[in-house]
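Dropping run_27.txt in here (compact mmCIF, C-alpha atoms):
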```
# COMPACT_ATOMS: atom_id res chain seq x y z
CA MET A 1 14.84 208.00 100.95
CA ASN A 2 17.92 207.50 103.13
CA ASN A 3 19.98 210.48 104.30
CA THR A 4 22.90 209.81 101.94
CA VAL A 5 20.72 209.93 98.81
CA GLU A 6 18.61 212.82 100.12
CA ASN A 7 21.59 214.92 101.17
CA SER A 8 23.39 214.50 97.84
CA ALA A 9 20.44 215.72 95.75
CA PRO A 10 20.67 219.04 93.84
CA PHE A 11 20.24 222.15 95.98
CA LEU A 12 16.80 223.09 94.65
CA LYS A 13 15.43 219.65 95.44
CA ARG A 14 16.95 219.76 98.93
CA PHE A 15 15.67 223.29 99.50
CA TRP A 16 12.18 222.22 98.45
CA GLN A 17 12.29 219.48 101.08
CA TYR A 18 13.68 221.95 103.63
CA GLN A 19 10.88 224.47 103.12
CA SER A 20 8.23 221.75 103.26
CA GLU A 21 9.46 220.81 106.73
CA ARG A 22 10.48 224.15 108.21
CA PHE A 23 8.57 226.88 106.34
CA PRO A 24 5.89 225.61 103.94
CA PHE A 25 5.59 228.54 101.55
CA ALA A 26 2.09 227.64 100.35
CA LYS A 27 0.50 227.46 103.83
CA ASN A 28 2.53 230.24 105.44
CA GLY A 29 2.27 232.43 102.35
CA PHE A 30 -1.52 232.34 102.45
CA LEU A 31 -1.63 233.22 106.16
CA ILE A 32 0.87 236.06 105.80
CA ALA A 33 -1.01 237.39 102.76
CA VAL A 34 -4.14 237.56 104.97
CA PHE A 35 -2.02 239.28 107.62
CA THR A 36 -0.84 241.82 105.02
CA PHE A 37 -4.31 242.38 103.58
CA SER A 38 -5.77 242.98 107.04
CA ALA A 39 -3.05 245.43 108.08
CA ALA A 40 -3.44 247.52 104.92
CA SER A 41 -7.24 247.28 105.15
CA TYR A 42 -7.22 248.43 108.78
CA SER A 43 -5.33 251.57 107.78
CA ARG A 44 -7.73 252.23 104.88
CA ILE A 45 -10.80 251.76 107.08
CA TYR A 46 -9.52 254.04 109.81
CA ARG A 47 -8.63 256.77 107.32
CA GLY A 48 -11.97 256.43 105.55
CA ALA A 49 -10.12 255.94 102.26
CA GLU A 50 -12.05 254.62 99.27
CA GLY A 51 -11.16 251.25 97.78
CA PHE A 52 -8.05 249.20 98.44
CA ILE A 53 -4.38 249.88 97.79
CA PRO A 54 -3.15 249.11 94.23
CA PHE A 55 -2.89 245.35 93.76
CA LYS A 56 0.75 245.68 92.67
CA ASN A 57 1.61 247.33 96.00
CA PHE A 58 -0.26 244.66 97.93
CA LEU A 59 1.52 241.88 96.04
CA ILE A 60 4.96 243.41 96.65
CA GLY A 61 4.12 244.01 100.31
CA ALA A 62 2.86 240.46 100.78
CA ILE A 63 5.97 238.99 99.14
CA THR A 64 8.19 241.17 101.32
CA ALA A 65 6.30 240.13 104.48
CA ILE A 66 6.41 236.43 103.55
CA LEU A 67 10.15 236.63 102.97
CA LEU A 68 10.68 238.52 106.25
CA PHE A 69 9.00 235.64 108.08
CA PHE A 70 11.15 233.22 106.09
CA LEU A 71 14.24 235.13 107.24
CA LEU A 72 12.99 234.66 110.80
CA ARG A 73 13.01 230.92 110.20
CA LEU A 74 16.53 231.07 108.79
CA ALA A 75 17.69 233.09 111.80
CA ASP A 76 16.29 230.38 114.08
CA GLU A 77 18.38 227.77 112.29
CA PHE A 78 21.55 229.64 113.25
CA LYS A 79 20.42 230.44 116.80
CA ASP A 80 19.32 226.86 117.49
CA ALA A 81 22.09 225.06 115.61
CA GLU A 82 23.86 223.78 118.72
CA ASP A 83 20.69 222.60 120.47
CA ASP A 84 19.33 221.05 117.25
CA ALA A 85 22.52 219.06 116.73
CA LYS A 86 22.36 217.81 120.32
CA TYR A 87 18.64 217.22 120.82
CA ARG A 88 16.88 217.36 117.44
CA PRO A 89 19.06 215.47 114.92
CA TYR A 90 15.99 214.75 112.78
CA ARG A 91 15.77 218.38 111.60
CA PRO A 92 17.09 219.31 108.12
CA VAL A 93 20.31 221.07 109.18
CA PRO A 94 21.67 218.57 111.73
CA ARG A 95 20.79 215.59 109.53
CA GLY A 96 22.73 217.14 106.65
CA LEU A 97 19.91 217.91 104.22
CA ILE A 98 21.04 221.52 103.92
CA SER A 99 23.97 223.41 105.43
CA LEU A 100 24.06 226.65 107.38
CA LYS A 101 26.31 228.08 104.67
CA GLU A 102 23.67 227.35 102.02
CA LEU A 103 21.00 228.93 104.21
CA ALA A 104 23.20 232.00 104.76
CA ILE A 105 23.63 232.46 101.01
CA THR A 106 19.89 231.96 100.54
CA GLY A 107 19.20 234.60 103.20
CA ILE A 108 21.52 237.13 101.54
CA CYS A 109 19.81 236.54 98.18
CA VAL A 110 16.39 237.02 99.81
CA ILE A 111 17.45 240.32 101.42
CA LEU A 112 18.89 241.65 98.16
CA PHE A 113 15.71 240.66 96.34
CA GLN A 114 13.55 242.44 98.94
CA ILE A 115 15.65 245.61 98.78
CA ILE A 116 15.61 245.74 94.98
CA LEU A 117 11.86 245.00 94.84
CA ASN A 118 10.98 247.75 97.31
CA ALA A 119 13.51 250.24 95.92
CA LEU A 120 12.01 249.89 92.45
CA PHE A 121 8.32 249.95 93.35
CA LEU A 122 7.82 251.04 96.98
CA PRO A 123 10.79 253.25 97.91
CA LYS A 124 8.78 255.01 100.63
CA LEU A 125 8.53 251.67 102.45
CA LEU A 126 12.27 251.07 102.56
CA SER A 127 12.72 252.76 105.95
CA ALA A 128 10.04 250.54 107.53
CA TYR A 129 11.61 247.49 105.87
CA PHE A 130 15.11 248.33 107.10
CA LEU A 131 13.78 248.89 110.62
CA ALA A 132 12.41 245.34 110.69
CA LEU A 133 15.57 243.96 109.08
CA ALA A 134 17.83 245.69 111.62
CA TYR A 135 15.83 244.27 114.50
CA LEU A 136 15.98 240.83 112.89
CA ALA A 137 19.77 241.12 112.73
CA LEU A 138 19.87 241.95 116.46
CA MET A 139 17.61 238.98 117.17
CA THR A 140 19.96 236.68 115.26
CA LYS A 141 22.78 237.82 117.57
CA GLU A 142 20.47 237.49 120.60
CA PHE A 143 21.03 241.22 121.20
CA PHE A 144 24.60 240.28 122.23
CA VAL A 145 23.31 239.05 125.61
CA HIS A 146 22.60 235.41 124.73
CA ASN A 147 23.27 233.87 128.15
CA TRP A 148 21.33 236.59 129.98
CA LEU A 149 18.30 236.10 127.76
CA LYS A 150 18.40 232.30 127.92
CA ARG A 151 18.13 232.50 131.71
CA ARG A 152 15.00 234.64 131.33
CA PRO A 153 12.67 232.80 128.92
CA ILE A 154 9.78 235.28 129.24
CA ILE A 155 11.98 238.28 128.40
CA TYR A 156 13.59 236.21 125.64
CA MET A 157 10.19 235.49 124.11
CA ALA A 158 8.95 239.08 124.45
CA SER A 159 12.12 240.50 122.86
CA HIS A 160 11.64 238.24 119.84
CA MET A 161 7.95 239.06 119.44
CA VAL A 162 8.73 242.76 118.86
CA ILE A 163 9.62 241.89 115.26
CA LEU A 164 5.95 241.10 114.53
CA PRO A 165 4.52 244.61 115.02
CA MET A 166 7.53 245.90 113.08
CA ILE A 167 6.46 243.78 110.12
CA ASP A 168 2.89 245.00 110.70
CA PHE A 169 4.21 248.56 110.67
CA TYR A 170 5.52 247.85 107.17
CA THR A 171 2.36 246.11 105.92
CA SER A 172 0.00 248.79 107.28
CA GLY A 173 2.37 251.35 105.75
CA LEU A 174 1.44 249.99 102.34
CA ASP A 175 -1.44 252.41 102.81
CA TRP A 176 -0.50 255.32 105.08
CA ILE A 177 3.27 255.52 104.45
CA GLN A 178 2.86 255.04 100.73
CA ASN A 179 0.25 257.80 100.65
CA GLY A 180 2.34 260.17 102.76
CA VAL A 181 -0.16 260.59 105.60
CA SER A 182 0.11 260.21 109.37
CA ALA A 183 -0.27 256.81 110.96
CA PRO A 184 -3.82 256.05 112.14
CA ARG A 185 -4.16 256.63 115.88
CA GLY A 186 -5.72 253.23 116.35
CA LEU A 187 -2.71 251.58 114.71
CA ILE A 188 -0.90 251.40 118.05
CA PHE A 189 -3.56 248.99 119.36
CA PHE A 190 -3.39 246.98 116.15
CA LEU A 191 0.38 246.67 116.66
CA ILE A 192 -0.04 245.79 120.35
CA SER A 193 -2.52 243.09 119.33
CA THR A 194 0.04 241.73 116.89
CA PHE A 195 2.74 241.66 119.57
CA LEU A 196 0.48 239.88 122.06
CA ASN A 197 -0.74 237.51 119.39
CA GLY A 198 2.84 236.47 118.74
CA ILE A 199 3.05 235.45 122.40
CA VAL A 200 -0.24 233.56 122.06
CA ILE A 201 1.22 231.55 119.17
CA GLU A 202 4.60 231.03 120.85
CA ILE A 203 3.20 229.74 124.15
CA GLY A 204 0.48 227.76 122.38
CA ARG A 205 2.93 225.76 120.31
CA LYS A 206 5.07 224.95 123.35
CA ILE A 207 2.48 223.40 125.65
CA ARG A 208 2.72 219.64 125.91
CA ALA A 209 1.41 216.85 128.07
CA PRO A 210 4.03 215.51 130.53
CA GLU A 211 4.55 212.29 128.55
CA ALA A 212 5.23 214.24 125.34
CA GLU A 213 8.07 216.38 126.66
CA GLU A 214 11.45 215.83 124.96
CA HIS A 215 14.77 215.98 126.75
CA GLY A 216 16.61 219.17 125.82
CA VAL A 217 13.55 220.73 124.16
CA GLU A 218 12.49 223.79 126.13
CA THR A 219 8.72 224.16 126.37
CA TYR A 220 6.66 226.40 128.65
CA SER A 221 4.88 223.37 130.05
CA ALA A 222 8.27 221.89 131.01
CA LEU A 223 9.46 225.19 132.51
CA TYR A 224 6.34 226.11 134.47
CA GLY A 225 4.12 223.03 134.47
CA SER A 226 1.35 222.26 132.00
CA ARG A 227 -1.46 223.83 134.07
CA ARG A 228 0.39 227.09 134.76
CA ALA A 229 1.48 227.36 131.12
CA THR A 230 -2.08 226.75 129.91
CA TRP A 231 -3.60 229.33 132.27
CA THR A 232 -0.94 231.79 131.11
CA TRP A 233 -1.93 231.11 127.50
CA ILE A 234 -5.60 231.67 128.37
CA ALA A 235 -4.72 234.95 130.11
CA VAL A 236 -2.57 236.28 127.25
CA THR A 237 -5.20 235.30 124.66
CA SER A 238 -7.84 237.14 126.68
CA VAL A 239 -5.68 240.29 126.95
CA THR A 240 -5.05 240.08 123.19
CA PHE A 241 -8.82 239.95 122.71
CA LEU A 242 -9.24 243.17 124.74
CA SER A 243 -6.52 244.93 122.76
CA ALA A 244 -8.11 243.83 119.48
CA VAL A 245 -11.51 245.12 120.67
CA VAL A 246 -9.99 248.57 121.25
CA ALA A 247 -8.36 248.45 117.80
CA ALA A 248 -11.74 247.53 116.26
CA TRP A 249 -13.40 250.42 118.12
CA PHE A 250 -10.87 252.92 116.72
CA ALA A 251 -11.67 251.65 113.22
CA GLY A 252 -15.39 252.21 113.78
CA PHE A 253 -16.13 248.49 113.94
CA GLY A 254 -17.02 248.50 117.65
CA MET A 255 -19.89 246.13 118.51
CA PRO A 256 -19.63 243.95 115.38
CA GLY A 257 -15.90 243.69 116.03
CA PHE A 258 -16.48 242.84 119.69
CA PHE A 259 -18.88 240.00 118.92
CA GLY A 260 -16.77 238.70 116.04
CA LEU A 261 -13.66 238.61 118.21
CA LEU A 262 -15.60 237.08 121.11
CA ILE A 263 -16.71 234.17 118.93
CA PHE A 264 -13.12 233.43 117.91
CA LEU A 265 -11.97 233.80 121.52
CA ILE A 266 -14.48 231.21 122.73
CA ILE A 267 -13.49 228.81 119.93
CA ALA A 268 -9.83 229.25 120.88
CA LEU A 269 -10.30 228.76 124.62
CA ILE A 270 -12.30 225.52 124.43
CA PRO A 271 -9.28 223.23 123.69
CA ALA A 272 -7.23 224.89 126.44
CA LEU A 273 -9.97 224.42 129.03
CA LYS A 274 -10.35 220.80 127.92
CA PHE A 275 -6.60 220.20 128.24
CA LEU A 276 -6.72 221.47 131.83
CA LYS A 277 -9.10 218.58 132.56
CA THR A 278 -7.51 215.79 130.49
CA ALA A 279 -3.79 216.71 130.44
CA ASN A 280 -3.31 214.51 127.36
CA GLN A 281 -1.19 215.30 124.30
CA THR A 282 -4.09 215.16 121.85
CA ASP A 283 -5.72 218.12 123.57
CA ALA A 284 -2.37 219.88 124.08
CA ALA A 285 -1.78 219.79 120.31
CA LYS A 286 -5.19 221.39 119.76
CA ILE A 287 -4.05 224.49 121.68
CA GLU A 288 -1.55 225.27 118.91
CA THR A 289 -4.33 224.83 116.34
CA ALA A 290 -6.58 227.08 118.43
CA ALA A 291 -3.86 229.75 118.47
CA GLY A 292 -3.80 229.63 114.67
CA ILE A 293 -7.60 229.89 114.44
CA TRP A 294 -7.57 232.85 116.82
CA THR A 295 -4.84 234.55 114.79
CA ILE A 296 -6.72 234.22 111.49
CA GLY A 297 -9.98 235.23 113.14
CA MET A 298 -8.45 238.30 114.77
CA TYR A 299 -6.90 239.63 111.57
CA LEU A 300 -10.01 238.91 109.53
CA THR A 301 -12.17 240.71 112.10
CA LEU A 302 -9.89 243.74 112.41
CA GLY A 303 -9.16 244.34 108.76
CA ALA A 304 -10.35 242.02 106.01
CA VAL A 305 -14.00 241.48 106.98
CA PRO A 306 -14.94 245.12 107.77
CA PHE A 307 -13.17 246.24 104.60
CA ILE A 308 -15.08 243.72 102.48
CA ILE A 309 -18.36 244.73 104.19
CA LYS A 310 -17.60 248.39 103.42
CA ILE A 311 -16.97 247.59 99.74
CA LEU A 312 -20.19 245.55 99.51
CA GLN A 313 -22.17 248.39 101.09
CA GLN A 314 -20.78 250.81 98.52
CA ILE A 315 -21.69 248.44 95.67
CA LEU A 316 -25.18 247.73 96.98
```
What does the file become when written as structure tokens?
Amino acid sequence: MNNTVENSAPFLKRFWQYQSERFPFAKNGFLIAVFTFSAASYSRIYRGAEGFIPFKNFLIGAITAILLFFLLRLADEFKDAEDDAKYRPYRPVPRGLISLKELAITGICVILFQIILNALFLPKLLSAYFLALAYLALMTKEFFVHNWLKRRPIIYMASHMVILPMIDFYTSGLDWIQNGVSAPRGLIFFLISTFLNGIVIEIGRKIRAPEAEEHGVETYSALYGSRRATWTWIAVTSVTFLSAVVAAWFAGFGMPGFFGLLIFLIIALIPALKFLKTANQTDAAKIETAAGIWTIGMYLTLGAVPFIIKILQQIL
């Protein structure tokens, strides 16, 4: 389909194409639902609470979390509009598939939907939701220090990763906030793991072989060299592993958690170590996949798996 025909299609058809390219709801929705389940489960396990949160609450929390991540994608479209138009004309906005105005209206509708949904069914979670939304708004404006941040890519990345533990604060709150109890002490390490894991994903998806670098596209391998960027990714992933081990220990899942996390760490590090030897794009692309495997493995190990084991033990 040429751009003229594609860009003149009805909005819903164009939006469907947009999401398939920039935020596939099916794939991302599943991953974020796992993220939500694990956060709520971690809180339940630590508190020694019986059973899981009501399914209705989980569903509303998962939808809210999915849409918060979708808002992050929309925010990126506005932040990167100038660079996309200059260096990435193949993306949906610069090629005219969908306009920034349409995305802004979509974003407003999403926010209103989230507020109404939580106000009706989970009013205690509204403060946690608004905290994440406020930080997202600041991110969209680059904290009003755009040029300063752009000159400091590490600080820029770290400042944007803070939103992830804020979303986790909301999803874990589906248990402890909703039940009016104090936050689990181990939650701080769960949130730290989430923050560090965001860096693992961000660096992992921006490591490329020298021949795959694109002019105007800022990657960590272009900024610091592919070997230095890869070793940095290995180091951050390893620190994330240590933080997750502490979080597992607080939840009473010490040694099983350690070995479970260690297995996923080894699986994740193999492609990075291979890329250090080959320096080819095929292996560079596997680092991003490895970051995704580590992410799923970490959240399953910290929340979902021990919770399921606990339920099975109670049944048996």
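With CA of Asn147 in chain A on one side and CA of Ile111 in chain A on the other, the separation reads 28.1 Å.
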Quiz prompt | Spatial neighbours of range 74-84 of chain A, 7 Å, only C-alpha atoms, chain gap at least 4 places, as a list in words | solution =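 Here the qualifying residues turn out to be Phe70, Arg88, Pro89, Pro94, Leu103 and Thr140 of chain A.
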Quiz prompt | Which of A:Glu211, A:Asp175, A:Asp168, A:Glu142 sits closest to Phe190 in chain A [using only C-alpha atoms] | solution =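 Between A:Glu211, A:Asp175, A:Asp168, A:Glu142, the residue approaching Phe190 in chain A most closely is A:Asp168.
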Quick one: residues within 10 Å of Asn280 in chain A, only C-alpha atoms counted, chain neighbours fewer than 6 positions away excluded, as a compact mmCIF listing (two decimals) with C-alpha atoms, keeping the file's coordinate frame?
```txt
# COMPACT_ATOMS: atom_id res chain seq x y z
CA ARG A 208 2.72 219.64 125.91
CA ALA A 209 1.41 216.85 128.07
CA PRO A 210 4.03 215.51 130.53
CA GLU A 211 4.55 212.29 128.55
CA ALA A 212 5.23 214.24 125.34
CA LYS A 274 -10.35 220.80 127.92
```
Quiz item: If you count all atoms listed in the file, which residues fall within 12 Å of Asn28 in chain A, apart from same-chain ones fewer than 3 positions away, as an MDAnalysis selection string?
Solution: chainID A and resid 19:25 31:35 62:63 65:70 73 292 296
Can you spit out the residues from that selection as a PDB file, keeping the file's coordinate frame, using C-alpha atoms?
```pdb
ATOM      1  CA  GLN A  19      10.880 224.470 103.120  1.00  0.00           C
ATOM      2  CA  SER A  20       8.230 221.750 103.260  1.00  0.00           C
ATOM      3  CA  GLU A  21       9.460 220.810 106.730  1.00  0.00           C
ATOM      4  CA  ARG A  22      10.480 224.150 108.210  1.00  0.00           C
ATOM      5  CA  PHE A  23       8.570 226.880 106.340  1.00  0.00           C
ATOM      6  CA  PRO A  24       5.890 225.610 103.940  1.00  0.00           C
ATOM      7  CA  PHE A  25       5.590 228.540 101.550  1.00  0.00           C
ATOM      8  CA  LEU A  31      -1.630 233.220 106.160  1.00  0.00           C
ATOM      9  CA  ILE A  32       0.870 236.060 105.800  1.00  0.00           C
ATOM     10  CA  ALA A  33      -1.010 237.390 102.760  1.00  0.00           C
ATOM     11  CA  VAL A  34      -4.140 237.560 104.970  1.00  0.00           C
ATOM     12  CA  PHE A  35      -2.020 239.280 107.620  1.00  0.00           C
ATOM     13  CA  ALA A  62       2.860 240.460 100.780  1.00  0.00           C
ATOM     14  CA  ILE A  63       5.970 238.990  99.140  1.00  0.00           C
ATOM     15  CA  ALA A  65       6.300 240.130 104.480  1.00  0.00           C
ATOM     16  CA  ILE A  66       6.410 236.430 103.550  1.00  0.00           C
ATOM     17  CA  LEU A  67      10.150 236.630 102.970  1.00  0.00           C
ATOM     18  CA  LEU A  68      10.680 238.520 106.250  1.00  0.00           C
ATOM     19  CA  PHE A  69       9.000 235.640 108.080  1.00  0.00           C
ATOM     20  CA  PHE A  70      11.150 233.220 106.090  1.00  0.00           C
ATOM     21  CA  ARG A  73      13.010 230.920 110.200  1.00  0.00           C
ATOM     22  CA  GLY A 292      -3.800 229.630 114.670  1.00  0.00           C
ATOM     23  CA  ILE A 296      -6.720 234.220 111.490  1.00  0.00           C
TER      24      ILE A 296
END
```
Self-check item: Among the residues A:Arg227, A:Gly252, A:Met298, A:Gly96, the one that comes closest to Lys277 in chain A [using only C-alpha atoms]
Solution: A:Arg227
Exercise. Could you please determine the separation between CA of Thr194 in chain A and CA of Thr240 in chain A in Å, to one decimal place?
Key: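 Straight-line distance from CA of Thr194 in chain A to CA of Thr240 in chain A works out to 8.3 Å.
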Quiz item: Any idea what the distance is between CA of Ala235 in chain A and CA of Thr295 in chain A?
Solution: 15.3 Å
Quiz item: For Phe253 in chain A, which residue among A:Ala284, A:Ala222, A:Ala39, A:Leu302 is the nearest when counting only C-alpha atoms?
Solution: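 For Phe253 in chain A, the nearest of the given residues is A:Leu302.
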Env of Val236 in chain A: 9 Å cut, atoms = all atoms listed in the file, seq-sep filter 4 positions within chain, self excluded. Answer as a PDB file with C-alpha atoms, in the coordinates of the input.
```pdb
ATOM      1  CA  LEU A 196       0.480 239.880 122.060  1.00  0.00           C
ATOM      2  CA  ASN A 197      -0.740 237.510 119.390  1.00  0.00           C
ATOM      3  CA  ILE A 199       3.050 235.450 122.400  1.00  0.00           C
ATOM      4  CA  VAL A 200      -0.240 233.560 122.060  1.00  0.00           C
ATOM      5  CA  TRP A 231      -3.600 229.330 132.270  1.00  0.00           C
ATOM      6  CA  THR A 232      -0.940 231.790 131.110  1.00  0.00           C
ATOM      7  CA  THR A 240      -5.050 240.080 123.190  1.00  0.00           C
ATOM      8  CA  PHE A 241      -8.820 239.950 122.710  1.00  0.00           C
TER       9      PHE A 241
END
```
Quiz item: If you count only C-alpha atoms, which residues fall within 9 Å of Ala290 in chain A, apart from same-chain ones fewer than 3 positions away, as a list of chain:residue names?
Solution: A:Gly204, A:Ile267, A:Ala268, A:Leu269, A:Ile270, A:Pro271, A:Ala272, A:Ala285, A:Lys286, A:Ile287, A:Ile293, A:Trp294, A:Thr295
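Ranking A:Ala247, A:Ala291, A:Leu265, A:Ser159 by their shortest atom-to-atom distance to His146 in chain A, with all atoms listed in the file included, puts A:Ser159 first.
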Self-check item: Option closest in space to Tyr87 in chain A, from A:Leu191, A:Ile155, A:Glu218, A:Phe169 [counting all atoms listed in the file]
Solution: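 Selected residue with least distance to Tyr87 in chain A: A:Glu218.
Among the candidates A:Ser8, A:Ser182, A:Thr237, A:Thr219, the residue lying nearest to Lys206 in chain A is A:Thr219 (atoms considered: all atoms listed in the file).
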Quiz item: So which residues fall inside 12 Å of (-3.2, 254.0, 118.7) if we count all atoms listed in the file? Mind giving them as a PyMOL selection string?
Solution: chain A and resi 43+46+182-193+243-244+246-251
Can you spit out range 126-191 of chain A with C-alpha atoms, as a tab-separated table (two decimals), in the first residue's frame, from the structure just given?
```tsv
chain	number	residue	atom	x	y	z
A	126	LEU	CA	-5.68	7.26	42.17
A	127	SER	CA	-2.86	8.94	44.10
A	128	ALA	CA	-0.33	6.36	42.83
A	129	TYR	CA	-1.72	6.74	39.31
A	130	PHE	CA	-1.50	10.53	39.38
A	131	LEU	CA	2.07	10.34	40.69
A	132	ALA	CA	3.10	8.31	37.63
A	133	LEU	CA	1.08	10.56	35.31
A	134	ALA	CA	2.69	13.72	36.71
A	135	TYR	CA	6.16	12.30	36.20
A	136	LEU	CA	5.20	11.28	32.67
A	137	ALA	CA	4.13	14.87	31.97
A	138	LEU	CA	7.52	16.13	33.19
A	139	MET	CA	9.26	13.55	31.00
A	140	THR	CA	7.31	14.76	27.97
A	141	LYS	CA	8.68	18.26	28.62
A	142	GLU	CA	12.16	16.82	29.26
A	143	PHE	CA	11.93	18.32	32.77
A	144	PHE	CA	12.27	21.74	31.09
A	145	VAL	CA	16.02	21.16	30.64
A	146	HIS	CA	16.00	19.48	27.23
A	147	ASN	CA	19.39	20.69	25.99
A	148	TRP	CA	21.10	19.93	29.31
A	149	LEU	CA	19.75	16.39	29.35
A	150	LYS	CA	20.58	15.71	25.69
A	151	ARG	CA	24.23	16.50	26.41
A	152	ARG	CA	24.19	13.92	29.22
A	153	PRO	CA	22.75	10.69	27.74
A	154	ILE	CA	23.27	8.59	30.90
A	155	ILE	CA	21.42	11.09	33.12
A	156	TYR	CA	18.78	11.42	30.39
A	157	MET	CA	18.23	7.66	30.37
A	158	ALA	CA	18.18	7.36	34.17
A	159	SER	CA	15.68	10.22	34.54
A	160	HIS	CA	13.32	8.49	32.13
A	161	MET	CA	13.63	5.09	33.80
A	162	VAL	CA	12.22	6.46	37.08
A	163	ILE	CA	8.73	6.16	35.58
A	164	LEU	CA	9.01	2.35	35.66
A	165	PRO	CA	9.17	1.89	39.46
A	166	MET	CA	6.40	4.48	39.69
A	167	ILE	CA	4.19	2.23	37.57
A	168	ASP	CA	5.34	-0.71	39.71
A	169	PHE	CA	4.36	1.28	42.80
A	170	TYR	CA	0.85	1.44	41.36
A	171	THR	CA	0.69	-2.24	40.34
A	172	SER	CA	2.05	-3.52	43.67
A	173	GLY	CA	-0.43	-1.15	45.34
A	174	LEU	CA	-3.23	-3.22	43.86
A	175	ASP	CA	-2.56	-5.28	46.97
A	176	TRP	CA	-1.14	-3.17	49.79
A	177	ILE	CA	-2.63	0.25	48.95
A	178	GLN	CA	-6.01	-1.23	48.15
A	179	ASN	CA	-6.00	-3.11	51.45
A	180	GLY	CA	-4.88	-0.08	53.45
A	181	VAL	CA	-1.67	-1.58	54.84
A	182	SER	CA	1.95	-0.41	54.86
A	183	ALA	CA	4.17	-1.08	51.88
A	184	PRO	CA	6.24	-4.27	52.20
A	185	ARG	CA	9.80	-3.46	53.30
A	186	GLY	CA	11.22	-5.54	50.48
A	187	LEU	CA	9.26	-3.50	47.94
A	188	ILE	CA	12.08	-0.95	47.71
A	189	PHE	CA	14.37	-3.62	46.24
A	190	PHE	CA	11.63	-4.75	43.87
A	191	LEU	CA	11.31	-1.13	42.68
```
